[in-house]
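S.K.: For reference, the structure I am asking about is given below.
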Amino acid sequence: MKLIVTGGAGFIGSAVVRLAIARGHSVINIDKLTYAACLDNVAEATKSPSYTFVEADICDAAAMTAAFETHRPDAIMHLAAESHVDRSIDGPGAFIETNVIGTYTLLQAARQYWEDAGRPEGFRFHHISTDEVFGSLDATGQFTEETPYDPRSPYSASKASSDHLVRAWHETYGLPVVLTNCSNNYGPYHFPEKLVPVVILNALAGKPLPIYGTGSNVRDWLYVEDHADALLKVLAEGAVGRSYNIGGENERTNLELVQTLCAILDDLRPGPAPYADQITYVADRPGHDARYAIDPTRIREELGWRPSVTVEEGLRKTVQWYLDNEDWWRALQNRDGVGQRLGTGTK
């Protein structure tokens with residue numbers, strides 16, 4: 001299968017590119033190369049003659065049309081997005097531009113290509129989204145594919161908008177789409193502004209390990225390579241027009257997650273004192289959602305997919321990867337916003 005993958009130099013996108021190439025697919029990686037992108041993430045894929053890189057902005061209609069006409073893909077997997085909630089609080093405009101306008105631009109280019117090709121039944125537009133579009137849960141319950149949308153941040157609102165656009169292009173124009181909404185990802189090549197890499201790298205540097213509020217916010221943690229496997233499964237076997245929630249079945253509070261990371265670091269890279277001594281509580285994020293939890297029944301029962309690792313297994317793999325790949329993360333330390341507290345709502 002020939003795939004266009006948008007955002008393929010990012011965290012989740014690069015995992016999809018690596019896995020797709022390893023499984024024999026041809027991949028055209030379209031990426032704007034923003035601050036969070038890194039071509040080292042796909043260095044392994046570049047060795048394959050089935051891999052092509054296109055540096056372009058998904059908001060550039062001419063470039064997207066040209067990509068479809070030149071490469072004539074069997075499917076598109078749309079992962080390109082601004083995704084950091086804290087950054088969306090400080091600068092929401094970039095999130096509207098990329099996540100909403102960019103998705104619209106891709107839909108139009110894909111629709112034109114699909115119609116000009118005679119509306120092939122096998123074509124797919126796979127839109128990858130987040131569980132944050134569903135809002136916040138109390139102590140009980142889980143998000144299903146029927147949960148009403150209730151986004152609370154500029155980021156999640158922009159992703160909710162993009163989800164609605166994809167569904168509208170399916171209902172109005174017949175474009176064959178599938179959608180997925182995932183829980184929090186972690187794993188190798190995670191850009192060092194998100195919680196898991198921040199904790200690992202701050203711990204190693206002897207810096208405070210910041211916990212927002214009381215650390216009681218709950219997330220369902222999904223290993224990124226499991227997510228990539230699920231995405232390719234949905235692309236190949238998912239029903240047209242259907243959405244699938246992808247979760248790790250690993251709920252943890254932020255504090256529990258950080259404590260687990262500290263214990264793993266104590267084992268793999270012992271320091272002069274337990275790393276948990278570096279935990280520091282800081283002011284909470286504005287509008288911080290209390291809990292996310294995914295009900296993965298549909299993807300498990302319809303497609304036979306479930307995650308391969310527990311959060312403890314995945315976190316150990318992740319910590320070991322960061323210990324083994326210092327050259328990768330050192331090169332990103334001076335990028336915009338890395339190491340700074342963002343999203344305080346004080347601007």
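Just remember, in the structure tokens the first chain shown is A, the second B, etc., residues are 1-based per chain, and ligands are 1-based in the order shown.
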If we count only C-alpha atoms, what is near Ala61 in chain A at a cut-off of 8 Å, once residues fewer than 2 positions away on the same chain are taken out, given as a PyMOL selection string?

M.R.: chain A and resi 58-59+63-65+105-106+109

S.K.: Save out the residues we just selected, N, CA, C and O atoms, as a tab-separated table (two decimals), in the first residue's frame.

M.R.:
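Saved result, again_33.tsv, follows:
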chain	number	residue	atom	x	y	z
A	58	ILE	N	0.79	21.61	5.45
A	58	ILE	CA	-0.52	21.07	5.06
A	58	ILE	C	-1.53	22.16	4.77
A	58	ILE	O	-2.58	21.89	4.19
A	59	CYS	N	-1.24	23.41	5.15
A	59	CYS	CA	-2.12	24.53	4.82
A	59	CYS	C	-1.89	25.06	3.41
A	59	CYS	O	-2.64	25.93	2.94
A	63	ALA	N	0.57	22.76	-2.72
A	63	ALA	CA	1.53	21.71	-2.38
A	63	ALA	C	0.82	20.40	-2.07
A	63	ALA	O	1.30	19.31	-2.44
A	64	MET	N	-0.33	20.47	-1.40
A	64	MET	CA	-1.05	19.24	-1.08
A	64	MET	C	-1.65	18.62	-2.35
A	64	MET	O	-1.61	17.40	-2.53
A	65	THR	N	-2.19	19.44	-3.22
A	65	THR	CA	-2.71	18.92	-4.49
A	65	THR	C	-1.59	18.25	-5.29
A	65	THR	O	-1.77	17.15	-5.84
A	105	THR	N	-7.76	21.87	4.25
A	105	THR	CA	-6.97	21.88	3.02
A	105	THR	C	-6.68	20.47	2.54
A	105	THR	O	-6.80	20.16	1.33
A	106	LEU	N	-6.32	19.59	3.46
A	106	LEU	CA	-6.06	18.19	3.10
A	106	LEU	C	-7.32	17.49	2.61
A	106	LEU	O	-7.28	16.72	1.64
A	109	ALA	N	-7.93	18.54	-0.95
A	109	ALA	CA	-6.98	17.93	-1.88
A	109	ALA	C	-7.27	16.44	-2.06
A	109	ALA	O	-7.22	15.91	-3.18

S.K.: Considering only C-alpha atoms, state which residue in the set A:Asp86, A:Glu97, A:Glu326, A:Asp74 is at the smallest distance from Lys194 in chain A.

M.R.: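 Using only C-alpha atoms, Lys194 in chain A sits closest to A:Asp86.
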
S.K.: Please report, as CSV, each residue of range 30-137 of chain A lying at most 10 Å from range 3-18 of chain A, together with the nearest pair of atoms and the separation in Å rounded to one decimal; use only C-alpha atoms, and order rows by chain and ascending residue number.

M.R.:
residue,atom,partner,partner_atom,distance
A:Ile30,CA,A:Thr6,CA,4.7
A:Asp31,CA,A:Gly7,CA,4.8
A:Lys32,CA,A:Gly7,CA,7.5
A:Leu33,CA,A:Ala9,CA,7.1
A:Thr34,CA,A:Gly10,CA,9.0
A:Tyr35,CA,A:Gly10,CA,9.6
A:Ala36,CA,A:Gly10,CA,6.3
A:Ala37,CA,A:Gly10,CA,4.6
A:Cys38,CA,A:Ala9,CA,5.4
A:Leu39,CA,A:Ala9,CA,5.5
A:Asp40,CA,A:Ala9,CA,8.0
A:Asn41,CA,A:Ser14,CA,5.9
A:Val42,CA,A:Ser14,CA,5.9
A:Ala43,CA,A:Arg18,CA,8.9
A:Glu44,CA,A:Arg18,CA,7.1
A:Ala45,CA,A:Arg18,CA,5.7
A:Thr46,CA,A:Arg18,CA,9.4
A:Tyr51,CA,A:Val17,CA,8.7
A:Thr52,CA,A:Ile4,CA,9.4
A:Phe53,CA,A:Gly8,CA,8.8
A:Val54,CA,A:Thr6,CA,9.5
A:Glu55,CA,A:Gly7,CA,9.9
A:Ala56,CA,A:Thr6,CA,9.4
A:Asp57,CA,A:Thr6,CA,9.4
A:Ile58,CA,A:Thr6,CA,7.8
A:Ala67,CA,A:Ile4,CA,8.6
A:Phe68,CA,A:Ile4,CA,8.3
A:His71,CA,A:Ile4,CA,8.4
A:Arg72,CA,A:Leu3,CA,8.9
A:Pro73,CA,A:Leu3,CA,5.4
A:Asp74,CA,A:Leu3,CA,6.0
A:Ala75,CA,A:Leu3,CA,5.1
A:Ile76,CA,A:Ile4,CA,4.6
A:Met77,CA,A:Val5,CA,4.8
A:His78,CA,A:Thr6,CA,5.0
A:Leu79,CA,A:Gly7,CA,5.3
A:Ala80,CA,A:Gly7,CA,3.8
A:Ala81,CA,A:Gly7,CA,7.1
A:Glu82,CA,A:Gly7,CA,9.8
A:Leu106,CA,A:Thr6,CA,9.6
A:Arg124,CA,A:Leu3,CA,9.6
A:Phe125,CA,A:Ile4,CA,9.6
A:His126,CA,A:Val5,CA,9.6
A:Ile128,CA,A:Gly13,CA,9.8

S.K.: Could you pull out the alpha helix (DSSP H) residues of range 265-308 of chain A, going by DSSP on the backbone, and write them as a PyMOL selection string?

M.R.: chain A and resi 265-268+297-303

S.K.: Would you output that residue set with all heavy atoms, as a CSV table (one decimal), in the first residue's frame?

M.R.:
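Once everything was written out, this is out.csv:
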chain,number,residue,atom,x,y,z
A,265,LEU,N,14.2,4.8,37.0
A,265,LEU,CA,15.5,5.5,36.9
A,265,LEU,C,16.4,5.1,38.1
A,265,LEU,O,17.6,4.9,37.9
A,265,LEU,CB,15.3,7.0,36.9
A,265,LEU,CG,14.9,7.6,35.5
A,265,LEU,CD1,14.3,9.0,35.7
A,265,LEU,CD2,16.1,7.6,34.6
A,266,ASP,N,15.8,4.9,39.3
A,266,ASP,CA,16.6,4.4,40.4
A,266,ASP,C,17.3,3.1,40.1
A,266,ASP,O,18.4,2.8,40.5
A,266,ASP,CB,15.7,4.3,41.6
A,266,ASP,CG,15.3,5.6,42.2
A,266,ASP,OD1,16.0,6.6,42.0
A,266,ASP,OD2,14.3,5.7,43.0
A,267,ASP,N,16.6,2.3,39.4
A,267,ASP,CA,17.1,0.9,39.0
A,267,ASP,C,18.1,1.0,37.9
A,267,ASP,O,19.2,0.3,37.9
A,267,ASP,CB,15.9,0.0,38.6
A,267,ASP,CG,16.3,-1.4,38.3
A,267,ASP,OD1,17.2,-1.9,39.0
A,267,ASP,OD2,15.7,-2.0,37.4
A,268,LEU,N,17.8,1.7,36.8
A,268,LEU,CA,18.6,1.7,35.6
A,268,LEU,C,19.8,2.7,35.7
A,268,LEU,O,20.8,2.5,35.0
A,268,LEU,CB,17.8,2.1,34.4
A,268,LEU,CG,16.7,1.1,34.1
A,268,LEU,CD1,15.9,1.5,32.8
A,268,LEU,CD2,17.2,-0.4,33.8
A,297,THR,N,-13.5,-1.0,23.7
A,297,THR,CA,-14.3,-2.2,23.3
A,297,THR,C,-14.4,-2.4,21.8
A,297,THR,O,-14.3,-3.5,21.3
A,297,THR,CB,-15.7,-2.2,24.0
A,297,THR,OG1,-15.5,-2.1,25.4
A,297,THR,CG2,-16.5,-3.4,23.6
A,298,ARG,N,-14.7,-1.3,21.1
A,298,ARG,CA,-15.0,-1.4,19.7
A,298,ARG,C,-13.8,-1.9,18.9
A,298,ARG,O,-13.9,-2.8,18.1
A,298,ARG,CB,-15.4,0.0,19.1
A,298,ARG,CG,-15.6,0.0,17.6
A,298,ARG,CD,-16.1,1.3,17.1
A,298,ARG,NE,-17.5,1.6,17.5
A,298,ARG,CZ,-18.2,2.7,17.2
A,298,ARG,NH1,-17.6,3.6,16.5
A,298,ARG,NH2,-19.4,2.8,17.7
A,299,ILE,N,-12.6,-1.3,19.1
A,299,ILE,CA,-11.4,-1.7,18.4
A,299,ILE,C,-11.0,-3.2,18.8
A,299,ILE,O,-10.5,-3.9,18.0
A,299,ILE,CB,-10.2,-0.8,18.5
A,299,ILE,CG1,-9.1,-1.1,17.5
A,299,ILE,CG2,-9.7,-0.7,20.0
A,299,ILE,CD1,-8.1,0.0,17.4
A,300,ARG,N,-11.3,-3.5,20.0
A,300,ARG,CA,-10.9,-4.9,20.5
A,300,ARG,C,-11.9,-5.9,19.9
A,300,ARG,O,-11.4,-6.9,19.3
A,300,ARG,CB,-11.0,-5.0,22.0
A,300,ARG,CG,-10.6,-6.3,22.5
A,300,ARG,CD,-10.5,-6.3,24.1
A,300,ARG,NE,-11.8,-6.1,24.7
A,300,ARG,CZ,-12.0,-5.0,25.5
A,300,ARG,NH1,-11.1,-4.1,25.7
A,300,ARG,NH2,-13.2,-4.9,26.0
A,301,GLU,N,-13.2,-5.6,19.9
A,301,GLU,CA,-14.1,-6.6,19.4
A,301,GLU,C,-14.2,-6.6,17.9
A,301,GLU,O,-14.4,-7.7,17.3
A,301,GLU,CB,-15.5,-6.3,20.0
A,301,GLU,CG,-15.6,-6.5,21.5
A,301,GLU,CD,-16.9,-6.4,22.1
A,301,GLU,OE1,-17.9,-6.0,21.4
A,301,GLU,OE2,-17.1,-6.7,23.3
A,302,GLU,N,-14.2,-5.5,17.2
A,302,GLU,CA,-14.3,-5.4,15.8
A,302,GLU,C,-13.0,-5.7,15.0
A,302,GLU,O,-13.1,-6.4,14.0
A,302,GLU,CB,-14.8,-4.1,15.3
A,302,GLU,CG,-16.3,-3.8,15.8
A,302,GLU,CD,-16.8,-2.5,15.2
A,302,GLU,OE1,-16.2,-1.9,14.2
A,302,GLU,OE2,-17.9,-2.0,15.6
A,303,LEU,N,-11.9,-5.3,15.6
A,303,LEU,CA,-10.6,-5.5,14.8
A,303,LEU,C,-9.6,-6.4,15.5
A,303,LEU,O,-8.6,-6.7,15.0
A,303,LEU,CB,-10.0,-4.1,14.6
A,303,LEU,CG,-10.9,-3.1,13.9
A,303,LEU,CD1,-10.1,-1.8,13.7
A,303,LEU,CD2,-11.4,-3.6,12.6

S.K.: Quick check, in Å to one decimal: how far apart do CA of Asn245 in chain A and CA of Cys182 in chain A lie?

M.R.: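 Atom-to-atom, CA of Asn245 in chain A to CA of Cys182 in chain A, that is 5.8 Å.
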
S.K.: Contacts of Arg167 in chain A at 12 Å or less, counting only C-alpha atoms, minus same-chain residues fewer than 4 places along, as an MDAnalysis selection string?

M.R.: chainID A and resid 103:104 107 125:127 160:163 171:180 240:243
